[in-house]
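Student: Here's a structure for you.
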Amino acid sequence: DWCKEFSVCLNSFFILHIMGQLSEARIQQIQELSRLLSIEKKEDARRHKEILEEHSLDERCQKGWSWYPVQVIDYGYTFGDNAFVSLQHTTGRVAGSKFRSGTPVRVYDPEQPEDQIEATIYFSRKDEMKVILRDDDYPDWILSGKYVVEQLFDATTYKYMERALQSAADAKGRFAELISILWSEVYDRADRKESPDIELKGLNDSQEKAILEAMDTKDISVIHGPPGTGKTTTLVA
């Protein structure tokens, strides 16, 4: 039900047409979106934890959610005095790893799970990775032994959405005007510019249409598409 409510609020998010600043009603609407986003974030985090708990360590490794066993091959401090640890998979057999730069992880001793640290992956390649610890120093226990590296819930996308909603709530002047245009159900084509006569090469029909629509728009145009549809190609065209 909350998903439906969130969808309804997102749809109504585009029904505002005021100039200069947002009304109190619209600010409350954004606050409601923030509340629903928080619910979604908590549910996503709960489900992530639940999925991990439903699978054994071997299964998590097979699915690429965990590395085990790993050992420390280097440690020290970055230029910003942040502690780092470099890890290597001792068998070299890494199955379909889901680890990427920026992924939050925890490193822990499977024999003593209370011994654990949280970190962010700096880089990951083949059977090695370097992680930046969230603590100022690394614990003594991590310098010897074999450990598990496991994905934590990644809230980065939610942080961006939360920041965007807060920026929308604080919008003033031209920013508020652009938001009001995005929220309008109908955009008056009479206010649009005349498209220039240009030749576009290397684009398919939908990409070419997106370019022409964007150039035909007086204020702002949003180009949206699923992964792999060529948004970046369209952008640099």
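By convention here, the chains of the structure tokens are called A, B, ... in the order presented, each chain's residues are numbered starting at 1, and ligands are numbered starting at 1 in the order presented.
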Find the spatial neighbours of stretch 123-126 of chain A, counting only C-alpha atoms, within a cut-off of 7 Å - ignore same-chain residues fewer than 6 positions away - and output them as a list of chain:residue names.

Tutor: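 Within the cut-off, the hits are A:Phe99, A:Arg100, A:Ser101.
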
Student: Listing only residues of stretch 120-181 of chain A within 10 Å of stretch 73-76 of chain A, what is the closest atom pair and its distance in Å (to one decimal) for each, using only C-alpha atoms, sorted by chain and residue number ascending, as a Markdown table?

Tutor:
| residue | atom | partner | partner_atom | distance |
| --- | --- | --- | --- | --- |
| A:Glu128 | CA | A:Ile73 | CA | 9.2 |
| A:Met129 | CA | A:Ile73 | CA | 9.9 |
| A:Lys130 | CA | A:Asp74 | CA | 8.8 |
| A:Val131 | CA | A:Tyr75 | CA | 9.5 |
| A:Ile132 | CA | A:Gly76 | CA | 9.8 |
| A:Asp137 | CA | A:Gly76 | CA | 8.8 |
| A:Tyr138 | CA | A:Tyr75 | CA | 8.4 |
| A:Ile142 | CA | A:Tyr75 | CA | 9.9 |
| A:Leu143 | CA | A:Tyr75 | CA | 8.4 |
| A:Ser144 | CA | A:Ile73 | CA | 9.7 |

Student: Give me a file of those residues, with all heavy atoms, as a tab-separated table (two decimals), in the first residue's frame.

Tutor:
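Output file result_26.tsv follows:
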chain	number	residue	atom	x	y	z
A	128	GLU	N	41.68	-9.14	-5.57
A	128	GLU	CA	42.19	-8.17	-4.61
A	128	GLU	C	41.25	-6.98	-4.48
A	128	GLU	O	40.53	-6.64	-5.42
A	128	GLU	CB	43.58	-7.67	-5.03
A	128	GLU	CG	44.68	-8.70	-4.99
A	128	GLU	CD	46.03	-8.10	-5.33
A	128	GLU	OE1	46.17	-6.85	-5.27
A	128	GLU	OE2	46.96	-8.87	-5.65
A	129	MET	N	41.27	-6.38	-3.31
A	129	MET	CA	40.54	-5.13	-3.12
A	129	MET	C	41.22	-4.30	-2.04
A	129	MET	O	41.92	-4.83	-1.16
A	129	MET	CB	39.07	-5.37	-2.75
A	129	MET	CG	38.84	-5.91	-1.37
A	129	MET	SD	37.08	-5.88	-0.89
A	129	MET	CE	36.36	-7.01	-2.08
A	130	LYS	N	41.05	-3.00	-2.16
A	130	LYS	CA	41.54	-2.06	-1.15
A	130	LYS	C	40.33	-1.35	-0.57
A	130	LYS	O	39.49	-0.85	-1.33
A	130	LYS	CB	42.50	-1.05	-1.77
A	130	LYS	CG	43.06	-0.02	-0.80
A	130	LYS	CD	44.07	0.90	-1.49
A	130	LYS	CE	44.64	1.93	-0.55
A	130	LYS	NZ	45.64	2.80	-1.24
A	131	VAL	N	40.23	-1.32	0.76
A	131	VAL	CA	39.09	-0.68	1.41
A	131	VAL	C	39.57	0.42	2.34
A	131	VAL	O	40.64	0.32	2.95
A	131	VAL	CB	38.23	-1.70	2.20
A	131	VAL	CG1	37.70	-2.78	1.27
A	131	VAL	CG2	39.02	-2.33	3.35
A	132	ILE	N	38.80	1.49	2.41
A	132	ILE	CA	39.08	2.60	3.32
A	132	ILE	C	38.19	2.44	4.54
A	132	ILE	O	36.95	2.38	4.41
A	132	ILE	CB	38.80	3.96	2.66
A	132	ILE	CG1	39.54	4.05	1.31
A	132	ILE	CG2	39.22	5.09	3.58
A	132	ILE	CD1	41.03	3.95	1.40
A	137	ASP	N	41.51	4.22	12.74
A	137	ASP	CA	42.60	3.26	12.80
A	137	ASP	C	42.07	1.87	12.53
A	137	ASP	O	40.86	1.63	12.59
A	137	ASP	CB	43.26	3.30	14.19
A	137	ASP	CG	44.71	2.85	14.15
A	137	ASP	OD1	45.14	2.32	13.11
A	137	ASP	OD2	45.41	3.03	15.18
A	138	TYR	N	42.95	0.95	12.22
A	138	TYR	CA	42.54	-0.43	11.98
A	138	TYR	C	42.81	-1.24	13.25
A	138	TYR	O	43.77	-1.00	13.99
A	138	TYR	CB	43.28	-1.04	10.80
A	138	TYR	CG	44.74	-0.71	10.73
A	138	TYR	CD1	45.67	-1.42	11.49
A	138	TYR	CD2	45.19	0.32	9.92
A	138	TYR	CE1	47.01	-1.10	11.45
A	138	TYR	CE2	46.54	0.64	9.87
A	138	TYR	CZ	47.43	-0.07	10.64
A	138	TYR	OH	48.76	0.25	10.59
A	142	ILE	N	42.83	-7.59	12.81
A	142	ILE	CA	42.69	-7.78	11.37
A	142	ILE	C	44.02	-8.05	10.68
A	142	ILE	O	44.07	-8.42	9.51
A	142	ILE	CB	42.01	-6.55	10.73
A	142	ILE	CG1	41.39	-6.95	9.38
A	142	ILE	CG2	43.01	-5.41	10.53
A	142	ILE	CD1	40.55	-5.88	8.75
A	143	LEU	N	45.11	-7.92	11.40
A	143	LEU	CA	46.42	-8.06	10.78
A	143	LEU	C	46.85	-9.51	10.62
A	143	LEU	O	47.88	-9.80	10.02
A	143	LEU	CB	47.46	-7.28	11.58
A	143	LEU	CG	47.18	-5.78	11.71
A	143	LEU	CD1	48.30	-5.09	12.47
A	143	LEU	CD2	47.00	-5.15	10.33
A	144	SER	N	46.10	-10.43	11.19
A	144	SER	CA	46.41	-11.85	11.02
A	144	SER	C	45.11	-12.64	11.00
A	144	SER	O	44.16	-12.29	11.70
A	144	SER	CB	47.32	-12.35	12.14
A	144	SER	OG	46.69	-12.21	13.39

Student: Please run DSSP on the backbone and report, as number ranges by chain, all residues within stretch 21-232 of chain A that come out as strand (DSSP E or B).

Tutor: A: 21, 66-77, 83-89, 104-109, 112-125, 128-133, 147-151, 172

Student: How about saving the chosen residues, N, CA and C atoms kept, as a short mmCIF file (atom, residue, chain, number, x, y, z; two decimals), in the first residue's frame?

Tutor:
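Wrote selection24.cif, looks like this:
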data_model
loop_
_atom_site.label_atom_id
_atom_site.label_comp_id
_atom_site.auth_asym_id
_atom_site.auth_seq_id
_atom_site.Cartn_x
_atom_site.Cartn_y
_atom_site.Cartn_z
N GLN A 21 8.43 30.89 -6.13
CA GLN A 21 8.66 30.13 -4.92
C GLN A 21 7.58 29.06 -4.78
N SER A 66 29.73 -11.99 -1.04
CA SER A 66 30.79 -12.08 -0.04
C SER A 66 32.06 -12.66 -0.66
N TRP A 67 33.19 -12.34 -0.04
CA TRP A 67 34.46 -12.98 -0.35
C TRP A 67 34.93 -13.72 0.90
N TYR A 68 35.33 -14.97 0.72
CA TYR A 68 35.90 -15.72 1.83
C TYR A 68 36.64 -16.93 1.26
N PRO A 69 37.86 -17.19 1.76
CA PRO A 69 38.58 -16.43 2.79
C PRO A 69 39.46 -15.34 2.17
N VAL A 70 39.65 -14.25 2.90
CA VAL A 70 40.56 -13.19 2.46
C VAL A 70 41.57 -12.93 3.57
N GLN A 71 42.72 -12.41 3.19
CA GLN A 71 43.72 -12.06 4.17
C GLN A 71 44.30 -10.69 3.83
N VAL A 72 44.85 -10.03 4.84
CA VAL A 72 45.43 -8.71 4.66
C VAL A 72 46.80 -8.84 4.00
N ILE A 73 47.02 -8.10 2.93
CA ILE A 73 48.33 -8.10 2.27
C ILE A 73 49.02 -6.74 2.40
N ASP A 74 48.29 -5.73 2.84
CA ASP A 74 48.89 -4.41 3.05
C ASP A 74 47.94 -3.59 3.91
N TYR A 75 48.49 -2.61 4.60
CA TYR A 75 47.67 -1.71 5.41
C TYR A 75 48.46 -0.43 5.65
N GLY A 76 47.75 0.60 6.05
CA GLY A 76 48.41 1.88 6.29
C GLY A 76 47.41 3.01 6.30
N TYR A 77 47.87 4.19 5.84
CA TYR A 77 47.02 5.38 5.86
C TYR A 77 47.10 6.09 4.51
N ALA A 83 42.65 5.29 7.50
CA ALA A 83 43.23 3.95 7.51
C ALA A 83 42.70 3.12 6.34
N PHE A 84 43.59 2.35 5.72
CA PHE A 84 43.17 1.46 4.65
C PHE A 84 43.71 0.06 4.89
N VAL A 85 43.06 -0.90 4.27
CA VAL A 85 43.51 -2.29 4.32
C VAL A 85 43.37 -2.86 2.92
N SER A 86 44.41 -3.52 2.42
CA SER A 86 44.34 -4.23 1.15
C SER A 86 44.16 -5.71 1.44
N LEU A 87 43.21 -6.32 0.72
CA LEU A 87 42.83 -7.70 0.98
C LEU A 87 42.99 -8.54 -0.28
N GLN A 88 43.27 -9.82 -0.07
CA GLN A 88 43.38 -10.74 -1.21
C GLN A 88 42.63 -12.03 -0.90
N HIS A 89 41.90 -12.49 -1.89
CA HIS A 89 41.20 -13.76 -1.76
C HIS A 89 42.25 -14.87 -1.81
N PRO A 104 29.82 -0.11 0.11
CA PRO A 104 30.09 -0.26 1.54
C PRO A 104 30.16 -1.74 1.92
N VAL A 105 31.12 -2.10 2.75
CA VAL A 105 31.31 -3.49 3.13
C VAL A 105 31.64 -3.58 4.62
N ARG A 106 31.57 -4.79 5.12
CA ARG A 106 32.10 -5.07 6.46
C ARG A 106 33.08 -6.22 6.33
N VAL A 107 34.13 -6.17 7.14
CA VAL A 107 35.14 -7.22 7.19
C VAL A 107 35.06 -7.83 8.58
N TYR A 108 34.89 -9.15 8.64
CA TYR A 108 34.74 -9.76 9.95
C TYR A 108 35.34 -11.16 9.99
N ASP A 109 35.58 -11.63 11.22
CA ASP A 109 36.10 -12.96 11.48
C ASP A 109 34.91 -13.91 11.62
N GLN A 112 34.64 -15.30 15.03
CA GLN A 112 34.29 -14.32 16.06
C GLN A 112 33.61 -13.13 15.39
N PRO A 113 32.33 -13.27 15.04
CA PRO A 113 31.63 -12.23 14.29
C PRO A 113 31.61 -10.86 14.96
N GLU A 114 31.82 -10.83 16.28
CA GLU A 114 31.84 -9.53 16.95
C GLU A 114 33.05 -8.70 16.52
N ASP A 115 34.10 -9.37 16.02
CA ASP A 115 35.27 -8.67 15.49
C ASP A 115 34.97 -8.27 14.05
N GLN A 116 34.55 -7.03 13.85
CA GLN A 116 34.22 -6.58 12.50
C GLN A 116 34.46 -5.10 12.36
N ILE A 117 34.73 -4.68 11.15
CA ILE A 117 34.90 -3.26 10.84
C ILE A 117 34.10 -2.95 9.57
N GLU A 118 33.69 -1.72 9.44
CA GLU A 118 32.99 -1.27 8.24
C GLU A 118 33.92 -0.41 7.41
N ALA A 119 33.77 -0.50 6.11
CA ALA A 119 34.68 0.20 5.20
C ALA A 119 33.98 0.47 3.88
N THR A 120 34.67 1.22 3.01
CA THR A 120 34.19 1.49 1.66
C THR A 120 35.26 1.04 0.67
N ILE A 121 34.85 0.32 -0.36
CA ILE A 121 35.81 -0.19 -1.33
C ILE A 121 36.41 0.97 -2.14
N TYR A 122 37.73 1.03 -2.15
CA TYR A 122 38.44 2.01 -2.96
C TYR A 122 38.62 1.47 -4.38
N PHE A 123 39.03 0.22 -4.49
CA PHE A 123 39.05 -0.45 -5.77
C PHE A 123 38.93 -1.96 -5.55
N SER A 124 38.46 -2.65 -6.56
CA SER A 124 38.34 -4.11 -6.51
C SER A 124 38.64 -4.66 -7.89
N ARG A 125 39.57 -5.61 -7.97
CA ARG A 125 39.90 -6.22 -9.25
C ARG A 125 40.37 -7.65 -9.02
N GLU A 128 41.68 -9.14 -5.57
CA GLU A 128 42.19 -8.17 -4.61
C GLU A 128 41.25 -6.98 -4.48
N MET A 129 41.27 -6.38 -3.31
CA MET A 129 40.54 -5.13 -3.12
C MET A 129 41.22 -4.30 -2.04
N LYS A 130 41.05 -3.00 -2.16
CA LYS A 130 41.54 -2.06 -1.15
C LYS A 130 40.33 -1.35 -0.57
N VAL A 131 40.23 -1.32 0.76
CA VAL A 131 39.09 -0.68 1.41
C VAL A 131 39.57 0.42 2.34
N ILE A 132 38.80 1.49 2.41
CA ILE A 132 39.08 2.60 3.32
C ILE A 132 38.19 2.44 4.54
N LEU A 133 38.78 2.35 5.71
CA LEU A 133 38.02 2.09 6.92
C LEU A 133 37.26 3.33 7.37
N TYR A 147 39.45 -13.75 6.79
CA TYR A 147 38.22 -13.03 7.09
C TYR A 147 37.21 -13.09 5.94
N VAL A 148 36.03 -12.57 6.25
CA VAL A 148 34.95 -12.43 5.27
C VAL A 148 34.80 -10.96 4.92
N VAL A 149 34.67 -10.67 3.63
CA VAL A 149 34.26 -9.34 3.18
C VAL A 149 32.84 -9.48 2.66
N GLU A 150 31.94 -8.64 3.15
CA GLU A 150 30.52 -8.80 2.81
C GLU A 150 29.89 -7.45 2.52
N GLN A 151 29.03 -7.44 1.51
CA GLN A 151 28.33 -6.21 1.15
C GLN A 151 27.42 -5.73 2.26
N LYS A 172 14.04 28.63 -4.61
CA LYS A 172 13.62 30.02 -4.72
C LYS A 172 13.96 30.51 -6.12
#

Student: Calculate how many Å separate atom CA of A:Lys231 from atom CA of A:Ala210, rounding to one decimal.

Tutor: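 A separation of 9.3 Å between them.
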